[in-house]
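**Q** See target-v2.txt below, with compact mmCIF, C-alpha atoms.
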# COMPACT_ATOMS: atom_id res chain seq x y z
CA MET A 1 -55.90 4.71 128.69
CA LYS A 2 -54.50 2.27 126.13
CA VAL A 3 -55.49 4.63 123.30
CA VAL A 4 -53.80 7.58 125.02
CA THR A 5 -50.64 5.54 125.65
CA THR A 6 -50.55 4.38 122.04
CA THR A 7 -50.99 7.95 120.77
CA LEU A 8 -48.18 9.25 122.97
CA THR A 9 -45.93 6.41 121.82
CA LEU A 10 -46.58 7.21 118.16
CA VAL A 11 -45.89 10.91 118.76
CA SER A 12 -42.62 10.04 120.52
CA LEU A 13 -41.54 7.77 117.67
CA ALA A 14 -42.30 10.49 115.13
CA ALA A 15 -40.36 13.09 117.11
CA ALA A 16 -37.36 10.76 117.40
CA GLN A 17 -36.82 11.01 113.64
CA PHE A 18 -36.02 14.72 113.85
CA ASN A 19 -33.25 16.76 115.47
CA TYR A 20 -34.93 19.88 116.85
CA ASP A 21 -31.60 21.26 118.13
CA ASP A 22 -30.15 21.72 114.62
CA TRP A 23 -31.48 25.24 114.11
CA HIS A 24 -29.78 27.98 112.11
CA ALA A 25 -31.02 31.43 111.11
CA PRO A 26 -31.34 31.82 107.33
CA ALA A 27 -28.16 32.62 105.44
CA SER A 28 -27.83 35.33 102.81
CA GLY A 29 -29.82 34.29 99.75
CA ASP A 30 -32.08 31.86 101.60
CA LEU A 31 -35.77 32.40 100.86
CA ARG A 32 -38.45 32.72 103.52
CA SER A 33 -42.24 33.08 103.57
CA PRO A 34 -44.82 35.09 105.54
CA CYS A 35 -45.51 31.92 107.60
CA PRO A 36 -43.42 31.51 110.77
CA VAL A 37 -44.14 27.77 110.97
CA LEU A 38 -42.83 27.02 107.48
CA ASN A 39 -39.87 29.33 108.10
CA ALA A 40 -39.12 27.47 111.32
CA LEU A 41 -39.20 24.16 109.47
CA ALA A 42 -36.62 25.56 107.03
CA ASN A 43 -34.47 26.98 109.83
CA HIS A 44 -34.43 23.54 111.46
CA GLY A 45 -33.53 21.90 108.16
CA PHE A 46 -36.77 19.92 107.85
CA LEU A 47 -37.58 21.94 104.73
CA PRO A 48 -34.68 22.89 102.42
CA ARG A 49 -32.74 25.59 104.27
CA ASP A 50 -32.56 27.69 101.12
CA GLY A 51 -36.37 27.67 100.87
CA ARG A 52 -36.37 26.37 97.29
CA ASN A 53 -37.75 23.39 95.34
CA ILE A 54 -40.42 22.31 97.81
CA THR A 55 -42.37 19.41 96.32
CA GLN A 56 -45.35 17.68 97.87
CA GLY A 57 -43.15 14.85 99.15
CA VAL A 58 -40.65 17.27 100.67
CA LEU A 59 -43.45 19.21 102.37
CA ILE A 60 -45.15 16.09 103.76
CA LYS A 61 -41.90 14.83 105.26
CA ALA A 62 -41.08 18.24 106.75
CA THR A 63 -44.49 18.85 108.32
CA SER A 64 -44.40 15.41 109.94
CA ALA A 65 -41.83 17.01 112.26
CA VAL A 66 -44.73 18.91 113.83
CA ASN A 67 -47.21 16.06 113.30
CA LEU A 68 -49.23 17.88 110.64
CA SER A 69 -51.28 15.21 108.92
CA THR A 70 -50.74 14.20 105.31
CA GLU A 71 -54.27 15.34 104.42
CA VAL A 72 -53.75 18.85 105.81
CA THR A 73 -50.29 19.08 104.24
CA ALA A 74 -51.61 17.97 100.84
CA ASP A 75 -54.25 20.70 101.06
CA LEU A 76 -51.56 23.23 101.94
CA PHE A 77 -49.41 22.07 99.03
CA LEU A 78 -52.24 22.55 96.52
CA ALA A 79 -52.73 26.11 97.75
CA ALA A 80 -48.98 26.78 97.77
CA LEU A 81 -48.56 25.51 94.22
CA LYS A 82 -50.95 28.26 93.07
CA THR A 83 -48.31 30.77 94.13
CA SER A 84 -45.45 29.04 92.32
CA SER A 85 -43.60 30.93 89.61
CA ASP A 86 -43.26 27.55 87.86
CA PRO A 87 -46.26 25.38 88.83
CA ALA A 88 -45.50 22.86 86.06
CA SER A 89 -42.40 21.89 88.03
CA GLY A 90 -44.58 20.61 90.86
CA ALA A 91 -42.66 22.71 93.35
CA PHE A 92 -42.75 26.11 95.02
CA THR A 93 -40.37 28.29 97.01
CA LEU A 94 -41.03 29.94 100.35
CA GLN A 95 -40.65 33.28 98.57
CA ASP A 96 -43.56 32.33 96.28
CA LEU A 97 -45.90 32.26 99.28
CA LYS A 98 -45.67 36.05 99.52
CA LYS A 99 -48.08 36.28 96.59
CA HIS A 100 -50.98 38.29 97.98
CA ASN A 101 -54.40 36.78 98.69
CA VAL A 102 -53.62 33.16 97.93
CA ILE A 103 -52.45 31.92 101.33
CA GLU A 104 -50.95 35.21 102.58
CA HIS A 105 -53.68 37.66 103.58
CA ASP A 106 -54.40 41.00 105.21
CA GLY A 107 -54.73 41.18 108.98
CA SER A 108 -51.57 39.15 109.61
CA LEU A 109 -50.54 38.42 113.17
CA SER A 110 -46.94 39.48 112.54
CA ARG A 111 -46.64 41.23 109.16
CA VAL A 112 -47.66 44.60 107.73
CA ASP A 113 -50.41 44.28 105.11
CA THR A 114 -49.17 44.34 101.53
CA GLY A 115 -51.53 47.16 100.58
CA THR A 116 -50.62 49.41 103.50
CA PRO A 117 -48.57 52.49 102.55
CA GLY A 118 -44.94 51.91 103.46
CA ALA A 119 -45.33 48.14 103.73
CA GLY A 120 -42.14 46.12 103.44
CA ASP A 121 -41.51 42.69 101.96
CA GLN A 122 -43.75 40.78 104.37
CA GLU A 123 -40.97 40.30 106.87
CA PHE A 124 -41.62 39.91 110.59
CA ASN A 125 -42.72 43.24 112.07
CA ARG A 126 -42.25 43.77 115.80
CA VAL A 127 -44.86 46.54 116.03
CA VAL A 128 -47.56 44.38 114.44
CA PHE A 129 -46.62 41.39 116.59
CA ASN A 130 -46.67 43.45 119.78
CA GLU A 131 -50.11 44.75 118.87
CA PHE A 132 -51.26 41.16 118.34
CA LYS A 133 -49.94 40.21 121.79
CA SER A 134 -51.61 43.22 123.39
CA TYR A 135 -54.98 41.52 122.92
CA PHE A 136 -53.87 38.84 125.40
CA LYS A 137 -54.13 41.53 128.10
CA GLY A 138 -51.02 40.45 129.98
CA ALA A 139 -51.79 36.72 130.06
CA THR A 140 -48.79 34.40 129.91
CA GLN A 141 -50.92 31.36 129.06
CA ILE A 142 -53.04 31.88 125.96
CA SER A 143 -56.48 30.29 126.04
CA LEU A 144 -58.53 29.68 122.93
CA PRO A 145 -60.85 32.66 123.64
CA LEU A 146 -57.78 34.92 123.97
CA ALA A 147 -56.39 33.56 120.69
CA ALA A 148 -59.74 34.31 119.06
CA ALA A 149 -59.78 37.86 120.44
CA ALA A 150 -56.23 38.53 119.24
CA ARG A 151 -56.94 37.27 115.73
CA TRP A 152 -60.09 39.39 115.44
CA GLY A 153 -58.35 42.40 116.97
CA ARG A 154 -55.67 42.28 114.29
CA VAL A 155 -58.26 41.96 111.51
CA LYS A 156 -60.17 45.02 112.73
CA SER A 157 -57.00 47.03 113.27
CA ALA A 158 -55.63 46.24 109.81
CA ARG A 159 -58.94 47.15 108.22
CA LYS A 160 -58.74 50.63 109.72
CA ILE A 161 -55.28 51.47 108.36
CA ASN A 162 -55.13 49.56 105.08
CA PRO A 163 -56.96 51.36 102.25
CA ASN A 164 -56.67 48.19 100.13
CA PHE A 165 -57.86 45.80 102.83
CA VAL A 166 -59.42 42.54 101.61
CA TYR A 167 -61.23 40.07 103.88
CA GLY A 168 -63.29 37.79 101.68
CA PRO A 169 -64.31 34.18 102.43
CA SER A 170 -60.91 32.66 101.59
CA GLN A 171 -59.00 35.33 103.53
CA ARG A 172 -61.28 34.75 106.51
CA PHE A 173 -60.71 30.99 106.28
CA ASN A 174 -56.93 31.42 106.10
CA SER A 175 -56.98 33.85 109.02
CA TYR A 176 -58.86 31.38 111.21
CA ALA A 177 -56.75 28.47 109.95
CA GLU A 178 -53.42 30.05 110.89
CA THR A 179 -54.62 30.66 114.46
CA SER A 180 -56.02 27.13 114.63
CA ILE A 181 -52.68 25.69 113.47
CA TYR A 182 -50.42 27.68 115.81
CA PHE A 183 -52.74 26.96 118.72
CA GLN A 184 -52.66 23.20 118.11
CA LEU A 185 -48.93 23.23 117.42
CA LEU A 186 -47.95 25.07 120.61
CA ARG A 187 -50.71 24.03 123.01
CA ASP A 188 -49.46 22.56 126.27
CA PRO A 189 -51.39 19.26 126.52
CA THR A 190 -51.46 19.40 130.32
CA LYS A 191 -53.00 22.89 130.46
CA GLY A 192 -54.79 23.28 127.14
CA THR A 193 -53.21 26.71 126.65
CA VAL A 194 -50.29 28.12 124.66
CA PRO A 195 -47.35 29.45 126.71
CA LEU A 196 -46.65 33.02 125.60
CA ASN A 197 -42.89 32.47 125.55
CA TRP A 198 -43.33 29.57 123.10
CA LEU A 199 -45.41 31.81 120.87
CA ASP A 200 -42.70 34.49 121.04
CA ILE A 201 -40.03 32.00 120.00
CA LEU A 202 -42.02 30.65 117.06
CA PHE A 203 -42.88 34.07 115.65
CA CYS A 204 -39.80 36.11 116.57
CA GLU A 205 -37.03 33.54 116.12
CA GLU A 206 -38.92 31.23 113.74
CA ARG A 207 -37.78 28.33 115.87
CA LEU A 208 -39.62 25.41 117.48
CA PRO A 209 -39.27 25.90 121.27
CA ALA A 210 -38.04 22.36 121.97
CA ARG A 211 -35.29 23.44 124.39
CA GLU A 212 -37.94 25.35 126.38
CA GLY A 213 -40.05 22.20 126.85
CA TRP A 214 -42.23 22.05 123.74
CA LYS A 215 -42.99 18.54 122.52
CA THR A 216 -44.37 17.37 119.19
CA PRO A 217 -48.18 17.64 119.46
CA ALA A 218 -50.74 14.97 118.76
CA SER A 219 -51.76 14.79 115.11
CA ILE A 220 -52.90 18.11 113.64
CA ASN A 221 -55.50 16.81 111.21
CA GLY A 222 -58.53 18.09 109.36
CA LEU A 223 -61.05 16.98 111.98
CA GLY A 224 -59.17 18.47 114.91
CA SER A 225 -58.35 21.67 113.05
CA GLY A 226 -61.96 22.08 112.04
CA GLY A 227 -63.04 21.71 115.66
CA VAL A 228 -60.59 24.35 116.87
CA LEU A 229 -61.56 26.63 114.00
CA LEU A 230 -65.23 26.28 114.97
CA GLN A 231 -64.44 27.14 118.59
CA LEU A 232 -62.51 30.21 117.44
CA ALA A 233 -65.46 31.31 115.32
CA MET A 234 -67.90 30.80 118.19
CA ALA A 235 -65.68 32.94 120.42
CA THR A 236 -65.60 35.78 117.85
CA ASP A 237 -68.23 38.49 117.45
CA GLU A 238 -67.99 38.40 113.67
CA LYS A 239 -70.72 38.64 111.05
CA ASP A 240 -70.86 38.15 107.28
CA ALA A 241 -71.30 41.91 107.02
CA ASP A 242 -67.70 42.22 108.24
CA LEU A 243 -66.39 40.69 105.01
CA VAL A 244 -64.53 43.01 102.65
CA LEU A 245 -64.62 41.42 99.21
CA PRO A 246 -61.83 41.84 96.66
CA PRO A 247 -62.56 43.20 93.18
CA THR A 248 -64.66 40.71 91.21
CA GLY A 249 -62.65 37.82 89.85
CA ASN A 250 -59.50 38.50 91.89
CA GLU A 251 -60.11 36.17 94.78
CA ILE A 252 -58.48 32.75 94.76
CA SER A 253 -60.39 30.25 96.87
CA HIS A 254 -58.69 27.95 99.33
CA PRO A 255 -59.05 24.31 98.22
CA ALA A 256 -61.77 22.42 100.06
Show the structure stored in the file as structure tokens.

**A**
Amino acid sequence: MKVVTTTLTLVSLAAAQFNYDDWHAPASGDLRSPCPVLNALANHGFLPRDGRNITQGVLIKATSAVNLSTEVTADLFLAALKTSSDPASGAFTLQDLKKHNVIEHDGSLSRVDTGTPGAGDQEFNRVVFNEFKSYFKGATQISLPLAAAARWGRVKSARKINPNFVYGPSQRFNSYAETSIYFQLLRDPTKGTVPLNWLDILFCEERLPAREGWKTPASINGLGSGGVLLQLAMATDEKDADLVLPPTGNEISHPA
């Protein structure tokens, strides 16, 4: 009980450093990414609101608003820097993250695949997001098995309509990782499930649902994320034969 109390105290202290009510939609000229979590951090002002000049220190401070550990954030930064138009600067922009098959990948939960005919600029797409939610089969509380089914449903659907679909080892990892992260970020600690309305707010408004009752989660770290990722994989009927490799030499691996 003492450990639990201490953990909750630390989470409360961390949350007290941030004003979750100071949210603004992006202004004209502000840059955004394919990732609703990073976009939400910018909309709340934890990341630069213009989406520019994001260094490792800036990213670590911003992600502490959602209790993402320094180790996970450092890993994310290394991957993000590979997308930077000026990596020597030690910074990236949210726009840079749209570079295909580095972090961004096919089978998105809320974006049209880059290689799909008629695809836009990786902006939020209501049709794709509604399809993703359809795999919850009407549930308003999203369990981990439902999250796994929705992720896999989107991968299979995108594969059918995207003639340039790629789903190699790093794309598969990133696909699982994004579900693992949103699930940990939004999970109600009393129920162990994600409220659907919180998920809607994060993806559609790119806002943290603090006014709806969301609280900063316990630390999202490598060990916990790996455990959730493993549970997602165990709940998914997926085989290595389902991989769709990119042309030789074009895949950029996620850092270990």

**Q** Can you pull out the residues contacting Leu31 of chain A? Cut-off 9 Å, using all atoms listed in the file, and skip same-chain residues under 5 positions away; I want them as a PyMOL selection string.

**A** chain A and resi 26+39+49-52+93-95

**Q** Neighbours of segment 199-207 of chain A within 8 Å (all atoms listed in the file; same-chain residues fewer than 5 positions away dropped), as a list in words?

**A** Trp23, Pro36, Val37, Asn39, Ala40, Leu41, Asn43, His44, Ser110, Phe124, Leu186 and Val194 of chain A

**Q** Just want the 9 Å neighbourhood of Ala235 of chain A, counted on all atoms listed in the file, with same-chain residues fewer than 6 positions away dropped. Output as a PyMOL selection string.

**A** chain A and resi 144-146+148-149

**Q** So which residues touch Leu68 of chain A within 10 Å, counting all atoms listed in the file, skipping near sequence neighbours fewer than 3 positions away, as an NGL selection string?

**A** :A and (60-65 or 71-73 or 181 or 184-185 or 216-222)

**Q** State, in Å with one decimal place, the distance from atom CA of Leu109 of chain A to atom CA of Gly57 of chain A.

**A**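 Result for atom CA of Leu109 of chain A versus atom CA of Gly57 of chain A: 28.4 Å, one decimal.
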
**Q** Record the distance separating atom CA of Thr116 of chain A and atom CA of Asp237 of chain A, expressed in Å with one decimal.

**A**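 Distance between the two atoms: 25.0 Å.
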
**Q** Within 9 Å of segment 158-171 of chain A, which residues of segment 94-145 of chain A come that close, and what is the closest atom pair and distance in Å for each? Count all atoms listed in the file and give it as JSON lines.

**A**
{"residue": "A:Asn101", "atom": "CA", "partner": "A:Gln171", "partner_atom": "CA", "distance": 6.8}
{"residue": "A:Val102", "atom": "CA", "partner": "A:Gln171", "partner_atom": "CA", "distance": 8.1}
{"residue": "A:Ile103", "atom": "CA", "partner": "A:Gln171", "partner_atom": "CA", "distance": 7.7}
{"residue": "A:Glu104", "atom": "CA", "partner": "A:Gln171", "partner_atom": "CA", "distance": 8.1}
{"residue": "A:His105", "atom": "CA", "partner": "A:Gln171", "partner_atom": "CA", "distance": 5.8}
{"residue": "A:Asp106", "atom": "CA", "partner": "A:Val166", "partner_atom": "CA", "distance": 6.4}
{"residue": "A:Gly107", "atom": "CA", "partner": "A:Ala158", "partner_atom": "CA", "distance": 5.2}
{"residue": "A:Ser108", "atom": "CA", "partner": "A:Ala158", "partner_atom": "CA", "distance": 8.2}
{"residue": "A:Val112", "atom": "CA", "partner": "A:Ala158", "partner_atom": "CA", "distance": 8.4}
{"residue": "A:Asp113", "atom": "CA", "partner": "A:Asn162", "partner_atom": "CA", "distance": 7.1}
{"residue": "A:Thr114", "atom": "CA", "partner": "A:Asn164", "partner_atom": "CA", "distance": 8.5}
{"residue": "A:Gly115", "atom": "CA", "partner": "A:Asn164", "partner_atom": "CA", "distance": 5.3}
{"residue": "A:Thr116", "atom": "CA", "partner": "A:Asn162", "partner_atom": "CA", "distance": 4.8}
{"residue": "A:Pro117", "atom": "CA", "partner": "A:Asn162", "partner_atom": "CA", "distance": 7.6}

**Q** Provide the atom CA of Glu131 of chain A to atom CA of Arg111 of chain A distance in Å, to one decimal place.

**A**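 These atoms are spaced 10.9 Å apart.
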
**Q** Find the spatial neighbours of Leu232 of chain A, counting all atoms listed in the file, within a cut-off of 12 Å - ignore same-chain residues fewer than 5 positions away - and output them as a ChimeraX atom specification.

**A** /A:143-152,172-173,175-181,183,225-227,237-238

**Q** Tell me which of A:Asp75, A:Val244, A:Asn53, A:Ala25 sits closest to Pro87 of chain A, counting only C-alpha atoms.

**A** A:Asn53

**Q** Could you check which of A:Asp96, A:Asp22, A:Glu123, A:Asp30 is closest to Ser84 of chain A, using only C-alpha atoms?

**A**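 Nearest to Ser84 of chain A: A:Asp96.
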
**Q** With N, CA and C atoms as the goal, would you fill in the gaps in segment 105-138 of chain A and present it as a CSV table (one decimal), keeping the file's coordinate frame?

**A**
chain,number,residue,atom,x,y,z
A,105,HIS,N,-52.4,36.9,103.5
A,105,HIS,CA,-53.7,37.7,103.6
A,105,HIS,C,-53.5,38.9,104.5
A,106,ASP,N,-54.4,39.8,104.3
A,106,ASP,CA,-54.4,41.0,105.2
A,106,ASP,C,-54.8,40.6,106.6
A,107,GLY,N,-54.4,41.5,107.6
A,107,GLY,CA,-54.7,41.2,109.0
A,107,GLY,C,-53.8,40.1,109.6
A,108,SER,N,-52.6,40.1,109.1
A,108,SER,CA,-51.6,39.2,109.6
A,108,SER,C,-51.3,39.4,111.1
A,109,LEU,N,-50.9,38.3,111.8
A,109,LEU,CA,-50.5,38.4,113.2
A,109,LEU,C,-49.1,39.0,113.4
A,110,SER,N,-48.3,39.1,112.3
A,110,SER,CA,-46.9,39.5,112.5
A,110,SER,C,-46.3,40.2,111.4
A,111,ARG,N,-47.1,40.5,110.3
A,111,ARG,CA,-46.6,41.2,109.2
A,111,ARG,C,-47.5,42.4,108.8
A,112,VAL,N,-46.9,43.4,108.2
A,112,VAL,CA,-47.7,44.6,107.7
A,112,VAL,C,-48.4,44.2,106.4
A,113,ASP,N,-49.6,44.6,106.3
A,113,ASP,CA,-50.4,44.3,105.1
A,113,ASP,C,-49.7,44.8,103.9
A,114,THR,N,-49.8,44.0,102.8
A,114,THR,CA,-49.2,44.3,101.5
A,114,THR,C,-49.7,45.7,101.0
A,115,GLY,N,-51.0,45.9,101.1
A,115,GLY,CA,-51.5,47.2,100.6
A,115,GLY,C,-51.4,48.4,101.4
A,116,THR,N,-50.8,48.3,102.6
A,116,THR,CA,-50.6,49.4,103.5
A,116,THR,C,-49.5,50.3,103.0
A,117,PRO,N,-49.7,51.6,103.0
A,117,PRO,CA,-48.6,52.5,102.6
A,117,PRO,C,-47.3,52.3,103.4
A,118,GLY,N,-46.2,52.1,102.7
A,118,GLY,CA,-44.9,51.9,103.5
A,118,GLY,C,-44.7,50.5,103.9
A,119,ALA,N,-45.5,49.5,103.4
A,119,ALA,CA,-45.3,48.1,103.7
A,119,ALA,C,-44.0,47.6,103.2
A,120,GLY,N,-43.4,46.7,103.9
A,120,GLY,CA,-42.1,46.1,103.4
A,120,GLY,C,-42.4,44.9,102.6
A,121,ASP,N,-41.5,43.9,102.8
A,121,ASP,CA,-41.5,42.7,102.0
A,121,ASP,C,-42.1,41.5,102.8
A,122,GLN,N,-43.1,41.8,103.6
A,122,GLN,CA,-43.8,40.8,104.4
A,122,GLN,C,-42.8,40.1,105.3
A,123,GLU,N,-41.9,40.8,105.8
A,123,GLU,CA,-41.0,40.3,106.9
A,123,GLU,C,-41.6,40.5,108.2
A,124,PHE,N,-41.1,39.8,109.2
A,124,PHE,CA,-41.6,39.9,110.6
A,124,PHE,C,-41.6,41.4,111.0
A,125,ASN,N,-42.6,41.8,111.6
A,125,ASN,CA,-42.7,43.2,112.1
A,125,ASN,C,-43.0,43.3,113.6
A,126,ARG,N,-42.1,43.8,114.3
A,126,ARG,CA,-42.2,43.8,115.8
A,126,ARG,C,-43.5,44.6,116.3
A,127,VAL,N,-43.7,45.7,115.6
A,127,VAL,CA,-44.9,46.5,116.0
A,127,VAL,C,-46.2,45.8,115.8
A,128,VAL,N,-46.3,45.1,114.7
A,128,VAL,CA,-47.6,44.4,114.4
A,128,VAL,C,-47.7,43.2,115.4
A,129,PHE,N,-46.6,42.5,115.7
A,129,PHE,CA,-46.6,41.4,116.6
A,129,PHE,C,-46.9,41.8,118.0
A,130,ASN,N,-46.4,43.0,118.4
A,130,ASN,CA,-46.7,43.4,119.8
A,130,ASN,C,-48.1,43.9,119.9
A,131,GLU,N,-48.7,44.4,118.8
A,131,GLU,CA,-50.1,44.8,118.9
A,131,GLU,C,-50.9,43.5,119.0
A,132,PHE,N,-50.6,42.5,118.2
A,132,PHE,CA,-51.3,41.2,118.3
A,132,PHE,C,-51.2,40.6,119.8
A,133,LYS,N,-50.1,40.7,120.4
A,133,LYS,CA,-49.9,40.2,121.8
A,133,LYS,C,-50.7,41.1,122.8
A,134,SER,N,-50.9,42.3,122.5
A,134,SER,CA,-51.6,43.2,123.4
A,134,SER,C,-53.0,42.8,123.7
A,135,TYR,N,-53.6,42.0,122.7
A,135,TYR,CA,-55.0,41.5,122.9
A,135,TYR,C,-55.0,40.4,123.9
A,136,PHE,N,-53.9,39.9,124.4
A,136,PHE,CA,-53.9,38.8,125.4
A,136,PHE,C,-54.0,39.5,126.8
A,137,LYS,N,-53.9,40.8,126.9
A,137,LYS,CA,-54.1,41.5,128.1
A,137,LYS,C,-53.2,41.0,129.3
A,138,GLY,N,-52.0,40.8,128.9
A,138,GLY,CA,-51.0,40.4,130.0
A,138,GLY,C,-51.0,39.0,130.3
